[in-house]
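Chemist: Quick one: the structure is below, questions incoming.
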Amino acid sequence: MMNVLLFGRLAEICGSNNYTFDLKDTDSVCDKLSEDFPEIKRLSFAVAVNQKLVVQNTELNDGDEVALMPPYSGG
Amino acid sequence: MMNVLLFGRLAEICGSNNYTFDLKDTDSVCDKLSEDFPEIKRLSFAVAVNQKLVVQNTELNDGDEVALMPPYSGG
Amino acid sequence: MTEEKKHKKVFVEGPITPIFIADSLAKHAAKHNIGAHSMFMGQVRADVKEDGQVVTGIEYEAYQEMAMETLHQIREDAFAKYSLTCMHIYHSLGLVKTGDISLFVFTSSVQRRAAIEACDYLVERIKREVQVWGKEILESGETVWKRPG
Amino acid sequence: MTEEKKHKKVFVEGPITPIFIADSLAKHAAKHNIGAHSMFMGQVRADVKEDGQVVTGIEYEAYQEMAMETLHQIREDAFAKYSLTCMHIYHSLGLVKTGDISLFVFTSSVQRRAAIEACDYLVERIKREVQVWGKEILESGETVWKRPG
């Protein structure tokens, strides 16, 4: 099982900032959420696994923390 | 008559921050002070007449304010 | 290095007040090798949206664990690049109303160029790289996700 | 334009305090178009001189009429060059002790680049062009005229 964190507009669209999934890689997480919430397909976002940015599909292990992050807008 | 203002190290050397002279131009002011206080010949300083910098010898009129200014060191 | 030491406090709940900033500055009076301080403060603007509604505040959220890691790296890079005596970064979480401060970057150095350039460098990297999101609150209570900038 | 309006207050007797700086900042909370503030503070260092004596403070004097004229021109140039909302410059006169602030430059703008760049520009021009002289006071009471920098 892995904890999926959603931020900003993504959390708003998906109705929660936190989902628990049991999936094999980051692409599967994105696919699953895109299926349930097609609106997120129009958004650009970065993916992090255990607080490290990943740019390619990344295998997930039990207990991993996945984060889907729209462009940052702090300051 | 013209009021001659001295600042920083110049005032220290000349023993006053303020002299009154009756001289025809800025070179004469510098010459007069250099004669009385030869130590100032070793210093570089800018000259202003009525709060405007002058780079060449400048004629003086009654009531002018002349300032002799070492390099600025504020801040 | 423990997490505690590695990660200086950055996030504060609500606005960063002028008094907080004055206190930060006052603490440096005892550091007698400092000759220059540079500060940047981000203030929440009352922007007018397309429909004519005015922004009344911004609600900030962060992915704190990751943001702290990112800030740690930015801080290390700045210390390597500039000859700094001190460096402090504070960012608000939660609601910050229009006119209040949400970001405070503060650098100090012996000679002025280091503080000035490092402050500029930090602000640009923080804006681009730190995992924080702002949601603008409009007069009607509607919200608009802030765009990066 | 009257002299009064043309020449904003710049010179303050003694150090510029953190509270003065906090007050200056707080006054801008009502300006809802401001998105960024940039500040520079010059602090008096306890430099060690060749003979081993430590600087305990700096005594500042200015040719005030000319300095105000110079600052007016610098201010006009900065407003022409950068898109600023506000600009404030304060410099100490008289004694400022080690660890205290003697120069405070404060710029504000809608977008951050203008405030940051204008603050930097102002500091450099003030240091080079404004008719102010500092005299370092050493432990023994001896004095050394500060070098430009």
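In the structure tokens, the first chain shown is A, the next is B, and so on; residue numbers restart at 1 for each chain, and ligands run from 1 in the order shown.
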Taking only C-alpha atoms into account, report as a PDB file with N, CA and C atoms, in the first residue's frame which residues of chain D lie within 12 Å of chain A.
Modeler:
```
ATOM      1  N   GLY D  35       3.363  44.159  -3.934  1.00  0.00           N
ATOM      2  CA  GLY D  35       3.558  42.716  -3.826  1.00  0.00           C
ATOM      3  C   GLY D  35       4.927  42.346  -3.302  1.00  0.00           C
ATOM      4  N   ALA D  36       5.840  43.316  -3.273  1.00  0.00           N
ATOM      5  CA  ALA D  36       7.224  43.003  -2.895  1.00  0.00           C
ATOM      6  C   ALA D  36       7.893  44.201  -2.242  1.00  0.00           C
ATOM      7  N   HIS D  37       8.644  43.914  -1.193  1.00  0.00           N
ATOM      8  CA  HIS D  37       9.482  44.919  -0.542  1.00  0.00           C
ATOM      9  C   HIS D  37      10.913  44.423  -0.561  1.00  0.00           C
ATOM     10  N   GLN D 111       5.500  43.947  -8.769  1.00  0.00           N
ATOM     11  CA  GLN D 111       6.244  42.710  -9.042  1.00  0.00           C
ATOM     12  C   GLN D 111       7.628  42.808  -8.413  1.00  0.00           C
ATOM     13  N   ARG D 112       8.191  41.675  -8.010  1.00  0.00           N
ATOM     14  CA  ARG D 112       9.402  41.728  -7.178  1.00  0.00           C
ATOM     15  C   ARG D 112      10.655  42.277  -7.849  1.00  0.00           C
TER      16      ARG D 112
END
```
Chemist: From a backbone DSSP assignment, name each residue in chain B labelled helix (DSSP H, G or I), as a list in words.
Modeler: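 After running DSSP on the backbone, chain B has helix (DSSP H, G or I) at Gly8, Arg9, Leu10, Ala11, Glu12, Ile13, Cys14, Thr26, Asp27, Ser28, Val29, Cys30, Asp31, Lys32, Leu33, Ser34, Glu35, Asp36, Pro38, Glu39, Ile40, Lys41 and Arg42 of chain B.
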Chemist: For Leu25 of chain C, find every residue with an atom within 12 Å (counting only C-alpha atoms), except residues of its own chain fewer than 2 positions away, and show them as a PyMOL selection string.
Modeler: (chain C and resi 18-23+27-31+34+36-39+86-88+104-108) or (chain D and resi 16-22+39-43+99-101)
Chemist: Take atom CA of Ala48 of chain A and atom CA of Gly57 of chain C and report the distance between them in Å, one decimal.
Modeler: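 Atom CA of Ala48 of chain A sits 28.8 Å away from atom CA of Gly57 of chain C.
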Chemist: Could you check how far atom CA of Phe79 of chain C sits from atom CA of Ala26 of chain C, in Å to one decimal?
Modeler: 21.9 Å
Chemist: So how far away is atom CA of Gln131 of chain D from atom CA of Asp25 of chain B, in Å?
Modeler: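 Atom-to-atom, atom CA of Asp25 of chain B and atom CA of Gln131 of chain D are spaced 22.2 Å apart.
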Chemist: So that I can see what lies close to Val132 of chain C, please list as number ranges by chain the residues with an atom at most 8 Å from it, counting only C-alpha atoms and leaving out residues fewer than 2 positions away in the same chain.
Modeler: A: 72-74; C: 60-63, 67, 130, 134
Chemist: Show me, as a list in words, the residues that have an atom within 8 Å of Tyr82 of chain D when counting only C-alpha atoms, minus same-chain residues fewer than 2 positions from it.
Modeler: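 Once the nearby chain positions are removed, what remains is Ala78, Phe79, Ala80, Leu84, Ala114, Ala115, Glu117 and Ala118 of chain D.
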Chemist: Can you work out which one of D:Val10, D:Val110, D:Met66, D:Leu93 has the shortest atom-to-atom distance to chain C, counting only C-alpha atoms?
Modeler: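 Ranked by minimum distance to chain C, first place goes to D:Val110.
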Chemist: How would you write, as a ChimeraX atom specification, the set of residues in chain D that DSSP gives as strand (DSSP E)?
Modeler: /D:11-13,36-43,55-62,86-97,101-109,132-138,143-145
Chemist: Taking 6 positions as the minimum chain separation for residues in the same chain, which residues sit within 9 Å of Leu43 of chain A when counting only C-alpha atoms? Answer as an NGL selection string.
Modeler: :A and (9-10 or 70)
Chemist: Tell me which protein, DNA and RNA residues are within 7 Å of segment 4-6 of chain B, counting only C-alpha atoms, leaving out same-chain ones fewer than 4 positions away, and put them as a list in words.
Modeler: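 Selected residues are Leu10, Ala11, Asn17, Asn18, Tyr19, Thr20, Glu65, Val66, Ala67, Leu68 and Met69 of chain B.
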